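Engineer: Please find start-v6.csv (CSV, C-alpha atoms) on the next line:
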chain,number,residue,atom,x,y,z
A,10,MET,CA,-63.6,3.0,57.5
A,11,PRO,CA,-66.7,2.6,59.7
A,12,ARG,CA,-67.3,5.4,62.2
A,13,ALA,CA,-68.2,4.0,65.5
A,14,ALA,CA,-70.7,5.7,67.8
A,15,ARG,CA,-71.6,4.6,71.3
A,16,SER,CA,-75.1,4.2,72.6
A,17,HIS,CA,-77.1,3.0,75.6
A,18,ARG,CA,-77.0,-0.4,77.3
A,19,ASN,CA,-79.3,-3.3,78.0
A,20,PRO,CA,-81.2,-4.6,75.0
A,21,SER,CA,-84.6,-6.1,74.9
A,22,PRO,CA,-84.0,-9.5,73.2
A,23,GLU,CA,-86.4,-11.2,70.9
A,24,PRO,CA,-85.8,-14.9,70.6
A,25,ALA,CA,-85.5,-16.5,67.2
A,26,ALA,CA,-85.5,-20.1,66.1
A,27,PRO,CA,-82.1,-20.4,64.3
A,28,LYS,CA,-81.3,-22.9,61.6
A,29,ARG,CA,-77.7,-23.9,61.1
A,30,ARG,CA,-76.1,-23.1,57.8
A,31,LYS,CA,-72.5,-22.1,57.2
A,32,VAL,CA,-71.5,-19.2,55.0
A,33,GLY,CA,-68.5,-19.4,52.7
A,34,ARG,CA,-66.5,-16.5,51.4
A,35,SER,CA,-64.0,-18.2,49.1
A,36,ALA,CA,-65.3,-16.3,46.0
A,37,THR,CA,-65.6,-12.9,47.8
A,38,PRO,CA,-64.6,-10.0,45.4
A,39,ASP,CA,-61.5,-7.9,46.3
A,40,ASP,CA,-63.6,-4.8,46.8
A,41,VAL,CA,-65.6,-6.6,49.5
A,42,PHE,CA,-62.4,-7.8,51.2
A,43,ARG,CA,-61.1,-4.2,51.2
A,44,LEU,CA,-64.3,-3.2,53.0
A,45,PHE,CA,-63.8,-5.9,55.6
A,46,GLU,CA,-60.2,-4.9,56.0
A,47,THR,CA,-61.1,-1.5,57.3
A,48,ARG,CA,-62.3,-3.3,60.5
A,49,THR,CA,-59.9,-3.0,63.4
A,50,ALA,CA,-60.0,-3.6,67.2
A,51,GLN,CA,-60.2,0.2,67.6
A,52,ASN,CA,-63.2,0.8,65.4
A,53,SER,CA,-65.0,-2.6,65.7
A,54,ALA,CA,-64.2,-4.0,69.1
A,55,ALA,CA,-63.9,-0.8,71.3
A,56,TYR,CA,-66.3,-2.3,73.8
A,57,LEU,CA,-63.8,-5.2,74.4
A,58,LEU,CA,-60.6,-3.1,74.8
A,59,PRO,CA,-60.9,-2.3,78.5
A,60,ALA,CA,-61.4,-6.0,79.3
A,61,LEU,CA,-58.3,-6.9,77.2
A,62,ARG,CA,-56.2,-4.4,79.0
A,63,SER,CA,-57.4,-5.7,82.4
A,64,ILE,CA,-56.6,-9.3,81.5
A,65,ARG,CA,-53.2,-8.3,80.0
A,66,ARG,CA,-52.2,-6.6,83.2
A,67,ARG,CA,-52.8,-9.9,85.1
A,68,ASN,CA,-51.4,-12.1,82.4
A,69,PRO,CA,-49.1,-10.4,79.8
A,70,ARG,CA,-48.9,-13.7,77.8
A,71,MET,CA,-52.7,-13.9,77.4
A,72,THR,CA,-54.2,-15.8,74.5
A,73,LEU,CA,-57.1,-14.7,72.2
A,74,LEU,CA,-59.1,-16.8,69.8
A,75,ASP,CA,-60.7,-14.8,66.9
A,76,VAL,CA,-63.6,-16.9,65.5
A,77,GLY,CA,-64.6,-16.3,61.9
A,78,CYS,CA,-61.6,-14.0,61.3
A,79,GLY,CA,-62.3,-13.3,57.6
A,80,PRO,CA,-59.4,-11.4,56.0
A,81,GLY,CA,-57.7,-10.9,59.3
A,82,SER,CA,-57.6,-7.2,59.9
A,83,LEU,CA,-59.3,-7.4,63.3
A,84,SER,CA,-57.1,-10.4,64.3
A,85,ALA,CA,-53.9,-8.6,63.3
A,86,SER,CA,-54.9,-5.5,65.3
A,87,PHE,CA,-55.6,-7.7,68.3
A,88,ALA,CA,-52.1,-9.2,67.8
A,89,GLU,CA,-50.6,-5.7,67.6
A,90,LEU,CA,-52.1,-5.0,71.1
A,91,LEU,CA,-51.1,-8.3,72.7
A,92,GLY,CA,-48.0,-9.4,70.9
A,93,PRO,CA,-45.5,-7.0,72.5
A,94,THR,CA,-46.0,-8.5,76.0
A,95,GLY,CA,-45.9,-12.1,74.8
A,96,GLY,CA,-49.6,-12.5,74.1
A,97,ARG,CA,-50.8,-14.5,71.1
A,98,VAL,CA,-53.8,-14.5,68.7
A,99,THR,CA,-55.2,-17.6,67.1
A,100,ALA,CA,-57.5,-16.7,64.1
A,101,VAL,CA,-59.8,-19.3,62.6
A,102,ASP,CA,-62.1,-19.3,59.6
A,103,ALA,CA,-64.0,-22.0,57.7
A,104,SER,CA,-62.5,-21.0,54.3
A,105,ALA,CA,-58.9,-21.8,53.3
A,106,ALA,CA,-59.0,-19.1,50.6
A,107,VAL,CA,-60.0,-16.5,53.1
A,108,LEU,CA,-57.2,-17.5,55.5
A,109,GLU,CA,-54.7,-17.1,52.7
A,110,ARG,CA,-56.0,-13.5,52.3
A,111,ALA,CA,-55.6,-13.0,56.1
A,112,ARG,CA,-52.0,-14.3,56.0
A,113,SER,CA,-51.3,-11.9,53.2
A,114,VAL,CA,-52.8,-9.0,55.2
A,115,VAL,CA,-50.4,-9.8,58.1
A,116,ALA,CA,-47.5,-10.3,55.8
A,117,ALA,CA,-48.1,-6.8,54.3
A,118,GLY,CA,-47.5,-5.3,57.7
A,119,LYS,CA,-50.5,-3.1,57.5
A,120,TYR,CA,-51.7,-3.6,61.1
A,121,GLY,CA,-48.5,-3.4,63.2
A,122,VAL,CA,-47.6,-7.0,63.4
A,123,PRO,CA,-43.8,-7.3,62.8
A,124,VAL,CA,-42.9,-9.5,59.9
A,125,GLY,CA,-39.7,-11.3,58.9
A,126,ASP,CA,-37.9,-14.4,60.1
A,127,GLY,CA,-41.1,-15.9,61.2
A,128,ILE,CA,-41.6,-13.4,64.1
A,129,GLU,CA,-45.2,-12.8,63.1
A,130,GLU,CA,-46.0,-16.4,63.9
A,131,ASP,CA,-45.1,-15.6,67.5
A,132,TRP,CA,-47.9,-13.1,67.6
A,133,ILE,CA,-50.6,-14.6,65.4
A,134,SER,CA,-51.4,-17.9,63.7
A,135,PHE,CA,-54.3,-19.0,61.4
A,136,ARG,CA,-56.2,-22.3,61.2
A,137,ILE,CA,-59.3,-23.7,59.5
A,138,ALA,CA,-62.1,-24.3,61.9
A,139,ASP,CA,-65.9,-24.6,62.0
A,140,ALA,CA,-67.4,-22.2,64.6
A,141,HIS,CA,-69.9,-24.8,65.6
A,142,ALA,CA,-67.2,-27.4,66.5
A,143,LEU,CA,-64.0,-25.6,67.4
A,144,PRO,CA,-60.9,-27.8,67.3
A,145,PHE,CA,-59.5,-26.8,70.7
A,146,GLY,CA,-59.6,-28.3,74.1
A,147,ASP,CA,-61.7,-27.0,77.0
A,148,ASP,CA,-60.4,-24.0,78.9
A,149,THR,CA,-57.8,-23.0,76.3
A,150,PHE,CA,-58.1,-19.2,75.7
A,151,ASP,CA,-58.3,-16.1,77.9
A,152,VAL,CA,-60.5,-14.3,75.4
A,153,VAL,CA,-62.7,-15.8,72.6
A,154,HIS,CA,-64.1,-13.2,70.2
A,155,CYS,CA,-66.3,-13.0,67.1
A,156,HIS,CA,-67.5,-10.2,64.9
A,157,GLN,CA,-70.3,-10.4,62.4
A,158,VAL,CA,-70.3,-14.2,62.6
A,159,LEU,CA,-73.6,-14.9,64.4
A,160,ALA,CA,-75.3,-12.4,62.1
A,161,HIS,CA,-74.5,-14.6,59.1
A,162,ASN,CA,-75.0,-18.1,60.5
A,163,GLY,CA,-77.6,-20.2,62.1
A,164,GLY,CA,-77.1,-22.1,65.4
A,165,GLN,CA,-76.0,-18.9,67.2
A,166,PRO,CA,-76.4,-20.2,70.8
A,167,GLU,CA,-74.4,-23.3,69.7
A,168,ILE,CA,-71.6,-21.1,68.4
A,169,LEU,CA,-71.5,-19.1,71.7
A,170,ARG,CA,-71.6,-22.3,73.7
A,171,GLU,CA,-68.5,-23.6,71.8
A,172,MET,CA,-66.8,-20.3,72.4
A,173,LEU,CA,-67.5,-20.6,76.1
A,174,ARG,CA,-66.2,-24.2,76.2
A,175,VAL,CA,-62.8,-23.2,74.9
A,176,ALA,CA,-62.5,-20.1,77.1
A,177,LYS,CA,-60.6,-20.4,80.4
A,178,PRO,CA,-62.4,-20.1,83.7
A,179,GLY,CA,-62.3,-16.4,84.5
A,180,GLY,CA,-61.9,-15.7,80.8
A,181,VAL,CA,-64.4,-13.9,78.5
A,182,VAL,CA,-66.4,-14.5,75.4
A,183,ALA,CA,-67.1,-11.4,73.3
A,184,ALA,CA,-69.3,-10.8,70.3
A,185,ARG,CA,-70.4,-7.8,68.2
A,186,GLU,CA,-73.2,-8.4,65.7
A,187,ALA,CA,-75.1,-6.1,63.3
A,188,ASP,CA,-78.8,-5.5,63.6
A,189,MET,CA,-79.6,-5.3,59.9
A,190,GLU,CA,-83.2,-4.2,60.4
A,191,THR,CA,-81.9,-0.9,62.0
A,192,GLU,CA,-79.9,0.1,58.8
A,193,VAL,CA,-80.9,3.6,57.8
A,194,PHE,CA,-79.7,5.7,54.9
A,195,TRP,CA,-80.3,9.0,53.2
A,196,PRO,CA,-81.5,9.8,50.7
A,197,PRO,CA,-84.2,7.1,50.5
A,198,LEU,CA,-83.6,6.2,46.9
A,199,PRO,CA,-86.1,3.6,45.7
A,200,GLY,CA,-83.3,1.4,44.5
A,201,LEU,CA,-81.7,1.3,47.9
A,202,VAL,CA,-85.0,0.6,49.6
A,203,LYS,CA,-85.5,-2.3,47.3
A,204,PHE,CA,-81.9,-3.5,47.9
A,205,HIS,CA,-82.4,-3.4,51.7
A,206,ASN,CA,-85.8,-5.1,51.7
A,207,ASP,CA,-85.8,-7.4,48.7
A,208,LEU,CA,-82.1,-8.5,48.6
A,209,GLU,CA,-80.1,-7.8,51.7
A,210,LEU,CA,-82.5,-8.9,54.3
A,211,ARG,CA,-83.9,-11.8,52.2
A,212,VAL,CA,-80.4,-13.2,51.6
A,213,ILE,CA,-79.6,-13.2,55.3
A,214,ARG,CA,-82.9,-15.0,56.2
A,215,ALA,CA,-82.3,-17.5,53.4
A,216,ARG,CA,-79.1,-18.6,55.2
A,217,GLY,CA,-81.1,-19.4,58.3
A,218,ALA,CA,-79.5,-16.4,60.0
A,219,SER,CA,-81.1,-13.4,61.6
A,220,THR,CA,-81.7,-9.8,60.4
A,221,ARG,CA,-82.1,-8.8,64.1
A,222,SER,CA,-78.8,-10.2,65.5
A,223,GLY,CA,-77.9,-7.1,67.4
A,224,ARG,CA,-81.0,-7.2,69.6
A,225,GLU,CA,-81.1,-11.0,69.8
A,226,LEU,CA,-77.5,-11.3,70.9
A,227,LEU,CA,-78.2,-11.2,74.7
A,228,SER,CA,-80.9,-13.9,74.3
A,229,TRP,CA,-78.5,-16.2,72.5
A,230,ALA,CA,-75.8,-15.6,75.2
A,231,LEU,CA,-78.3,-16.6,77.9
A,232,LYS,CA,-79.1,-19.8,76.1
A,233,ALA,CA,-75.4,-20.5,75.8
A,234,ASN,CA,-74.4,-19.9,79.4
A,235,GLY,CA,-77.5,-21.5,81.1
A,236,GLY,CA,-79.3,-18.3,81.8
A,237,ASP,CA,-76.9,-16.6,84.1
A,238,ARG,CA,-77.5,-12.9,83.3
A,239,SER,CA,-75.1,-11.7,86.0
A,240,LYS,CA,-72.1,-12.9,83.9
A,241,ILE,CA,-73.1,-10.9,80.7
A,242,ALA,CA,-72.4,-7.2,80.0
A,243,THR,CA,-74.3,-5.7,77.1
A,244,SER,CA,-73.9,-2.6,75.0
A,245,PHE,CA,-74.9,-1.1,71.6
A,246,SER,CA,-72.8,0.9,69.1
A,247,ALA,CA,-73.2,1.9,65.5
A,248,TRP,CA,-71.3,2.0,62.3
A,249,SER,CA,-71.8,5.1,60.1
A,250,TYR,CA,-70.6,5.7,56.5
A,251,THR,CA,-70.8,9.4,55.7
A,252,GLU,CA,-67.4,10.5,54.4
A,253,PRO,CA,-66.7,10.2,50.6
A,254,GLU,CA,-64.0,7.5,51.0
A,255,ASP,CA,-66.4,5.5,53.3
A,256,ARG,CA,-69.3,5.8,50.9
A,257,GLU,CA,-67.0,4.6,48.1
A,258,LEU,CA,-66.0,1.6,50.1
A,259,TRP,CA,-69.5,0.6,51.2
A,260,ALA,CA,-71.2,1.2,47.9
A,261,THR,CA,-68.6,-0.6,45.9
A,262,GLY,CA,-68.6,-3.5,48.3
A,263,MET,CA,-72.4,-3.8,48.2
A,264,ILE,CA,-72.4,-3.7,44.4
A,265,ASP,CA,-69.6,-6.2,44.0
A,266,ALA,CA,-70.9,-8.6,46.6
A,267,THR,CA,-74.5,-8.8,45.4
A,268,LEU,CA,-75.1,-7.2,42.0
A,269,SER,CA,-72.0,-7.6,39.8
A,270,SER,CA,-71.0,-11.2,39.0
A,271,PRO,CA,-73.0,-13.3,36.5
A,272,ALA,CA,-73.3,-16.1,39.0
A,273,VAL,CA,-74.7,-13.8,41.7
A,274,ARG,CA,-77.1,-12.2,39.3
A,275,GLU,CA,-78.3,-15.6,38.1
A,276,TYR,CA,-78.9,-16.5,41.7
A,277,ASN,CA,-80.8,-13.3,42.3
A,278,VAL,CA,-83.0,-13.9,39.2
A,279,LYS,CA,-83.8,-17.4,40.5
A,280,SER,CA,-84.8,-15.8,43.8
A,281,GLY,CA,-87.3,-13.5,42.1
A,282,LEU,CA,-85.4,-10.3,41.2
A,283,THR,CA,-85.4,-9.0,37.6
A,284,GLU,CA,-82.3,-7.8,35.7
A,285,ALA,CA,-84.0,-4.3,35.7
A,286,GLU,CA,-84.4,-4.3,39.5
A,287,MET,CA,-80.7,-5.2,40.0
A,288,ASP,CA,-79.7,-2.5,37.6
A,289,GLU,CA,-81.8,0.0,39.5
A,290,MET,CA,-80.2,-1.1,42.8
A,291,ARG,CA,-76.7,-0.8,41.3
A,292,ASP,CA,-77.5,2.7,39.9
A,293,ALA,CA,-78.9,3.8,43.3
A,294,TRP,CA,-75.7,2.8,45.1
A,295,ILE,CA,-73.7,4.8,42.6
A,296,GLU,CA,-75.9,7.8,43.1
A,297,TRP,CA,-75.7,7.4,46.9
A,298,ARG,CA,-71.9,7.1,46.7
A,299,ASP,CA,-71.6,10.4,44.8
A,300,ARG,CA,-74.1,12.5,46.7
A,301,ASP,CA,-72.7,14.9,49.3
A,302,ASP,CA,-75.8,14.5,51.5
A,303,ALA,CA,-75.6,10.7,51.6
A,304,THR,CA,-75.4,8.9,54.9
A,305,LEU,CA,-75.8,5.3,56.2
A,306,SER,CA,-75.7,3.9,59.7
A,307,MET,CA,-76.5,0.6,61.4
A,308,VAL,CA,-76.8,-0.4,65.1
A,309,HIS,CA,-74.7,-3.3,66.5
A,310,GLY,CA,-75.3,-5.3,69.7
A,311,GLU,CA,-72.3,-6.3,71.8
A,312,ILE,CA,-71.8,-8.7,74.7
A,313,ILE,CA,-69.0,-9.7,77.0
A,314,MET,CA,-69.7,-12.9,78.8
A,315,ARG,CA,-67.6,-14.1,81.7
A,316,LYS,CA,-66.9,-17.8,82.2
Take the structure in the file and write it out as structure tokens.
Structural biologist:
Amino acid sequence: MPRAARSHRNPSPEPAAPKRRKVGRSATPDDVFRLFETRTAQNSAAYLLPALRSIRRRNPRMTLLDVGCGPGSLSASFAELLGPTGGRVTAVDASAAVLERARSVVAAGKYGVPVGDGIEEDWISFRIADAHALPFGDDTFDVVHCHQVLAHNGGQPEILREMLRVAKPGGVVAAREADMETEVFWPPLPGLVKFHNDLELRVIRARGASTRSGRELLSWALKANGGDRSKIATSFSAWSYTEPEDRELWATGMIDATLSSPAVREYNVKSGLTEAEMDEMRDAWIEWRDRDDATLSMVHGEIIMRK
């Protein structure tokens, strides 16, 4: 699983001109889902946990909306924290197929949500939703959270504005987003350098998303809340993949997501990559996975915005 490291506060935002385009994950390979399913509240939302505990003390039956929940491991780990006192998590995603995966994750009982006789539905529920137009009334949830959603979509201030709309007065909106341009790895294998520059960053930009989401997050939050800096707390943290099992997860996920399937390879060729370049990238990931000195890390920006 990703190893989280804490860092300093107060980023220097660099505004971007986002373009709205939604991302679908209905055909995501199993190995990529398994990578996503290592994400929990403890390793991917540690910055938010003190606020959750504070709100829960005031309101044991608090509600949390998880926007762009993906395969549901984060949502389920939030439910594990909130459910015992009567709290409830609503998890939404734009893909019906992804939500089915999320339901199966909860049903497997991997993240502490009790199952059987429908009790899990008292702790967590799933629903299709577009992050740009959430199907909930104003002032509905105590906490509205997203993780790696803004980094893969355009219209980021619009999404945050929607999240603020459905948050209750006194509630919070929380987001954690990768800053892809800060990704560093060792050794600097030529195939990995090509993967990062010619494939990974290019695909994100082609979506109309940002490769600098971590550092831009505060600027998007200010656009969403009308410029009130006093209501936004910021922080940075990092993921790192250094242990053998972590390297296996990351390398396999990257290969399966971007280099394996005929459809994806055909898209890459149309985008300007050659078959030989993709094979070099795949082989580099395999070498990186198997080397004892291999490391990878990436910075993430985080915000907590009070309404």
Engineer: Need the shell around A:Tyr276: protein/DNA/RNA residues with any atom at most 12 Å away, counting all atoms listed in the file. Skip same-chain ones fewer than 6 positions apart. Format as a list in words?
Structural biologist: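 Returned residues: Leu208, Val212, Thr267, Leu268, Ser269, Ser270, Leu282, Thr283, Glu284 and Met287 of chain A.
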Engineer: Those same residues, written as a PDB file, keeping the file's coordinate frame with C-alpha atoms?
Structural biologist:
ATOM      1  CA  LEU A 208     -82.100  -8.500  48.600  1.00  0.00           C
ATOM      2  CA  VAL A 212     -80.400 -13.200  51.600  1.00  0.00           C
ATOM      3  CA  THR A 267     -74.500  -8.800  45.400  1.00  0.00           C
ATOM      4  CA  LEU A 268     -75.100  -7.200  42.000  1.00  0.00           C
ATOM      5  CA  SER A 269     -72.000  -7.600  39.800  1.00  0.00           C
ATOM      6  CA  SER A 270     -71.000 -11.200  39.000  1.00  0.00           C
ATOM      7  CA  LEU A 282     -85.400 -10.300  41.200  1.00  0.00           C
ATOM      8  CA  THR A 283     -85.400  -9.000  37.600  1.00  0.00           C
ATOM      9  CA  GLU A 284     -82.300  -7.800  35.700  1.00  0.00           C
ATOM     10  CA  MET A 287     -80.700  -5.200  40.000  1.00  0.00           C
TER      11      MET A 287
END
Engineer: Measuring between only C-alpha atoms, which one of A:Pro271, A:Gly79, A:Pro93, A:Gly310 shows the shortest distance to A:Ser244?
Structural biologist: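 Counting only C-alpha atoms, the residue closest to A:Ser244 is A:Gly310.
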Engineer: What's the 12 Å shell around A:Ile264, counting all atoms listed in the file, without same-chain residues fewer than 3 positions away, as a ChimeraX atom specification?
Structural biologist: /A:37-41,44,201,204,208-209,256-261,267-270,273-274,287-295,297-298
Engineer: Could you give me, as a PyMOL selection string, the residues within 10 Å of A:Leu61, counting only C-alpha atoms and dropping anything in the same chain fewer than 6 positions from it?
Structural biologist: chain A and resi 71+73+87+90-91+151-152+181
Engineer: Tell me which protein, DNA and RNA residues are within 10 Å of stretch 221-229 of chain A, counting all atoms listed in the file, leaving out same-chain ones fewer than 5 positions away, and put them as a PyMOL selection string.
Structural biologist: chain A and resi 19-25+27+157-161+164-170+184-191+210+234+236+238+241-246+307-314
Engineer: Residues near A:Val98, anyone? I mean within 6 Å using only C-alpha atoms, not counting same-chain ones fewer than 2 positions away, as a list in words.
Structural biologist: Thr72, Leu73, Leu74, Ala88 and Ile133 of chain A
Engineer: Measure the distance from atom CA of A:Asp302 to atom CA of A:Thr251 in Å and round it to one decimal.
Structural biologist: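 Distance between the two atoms: 8.3 Å.
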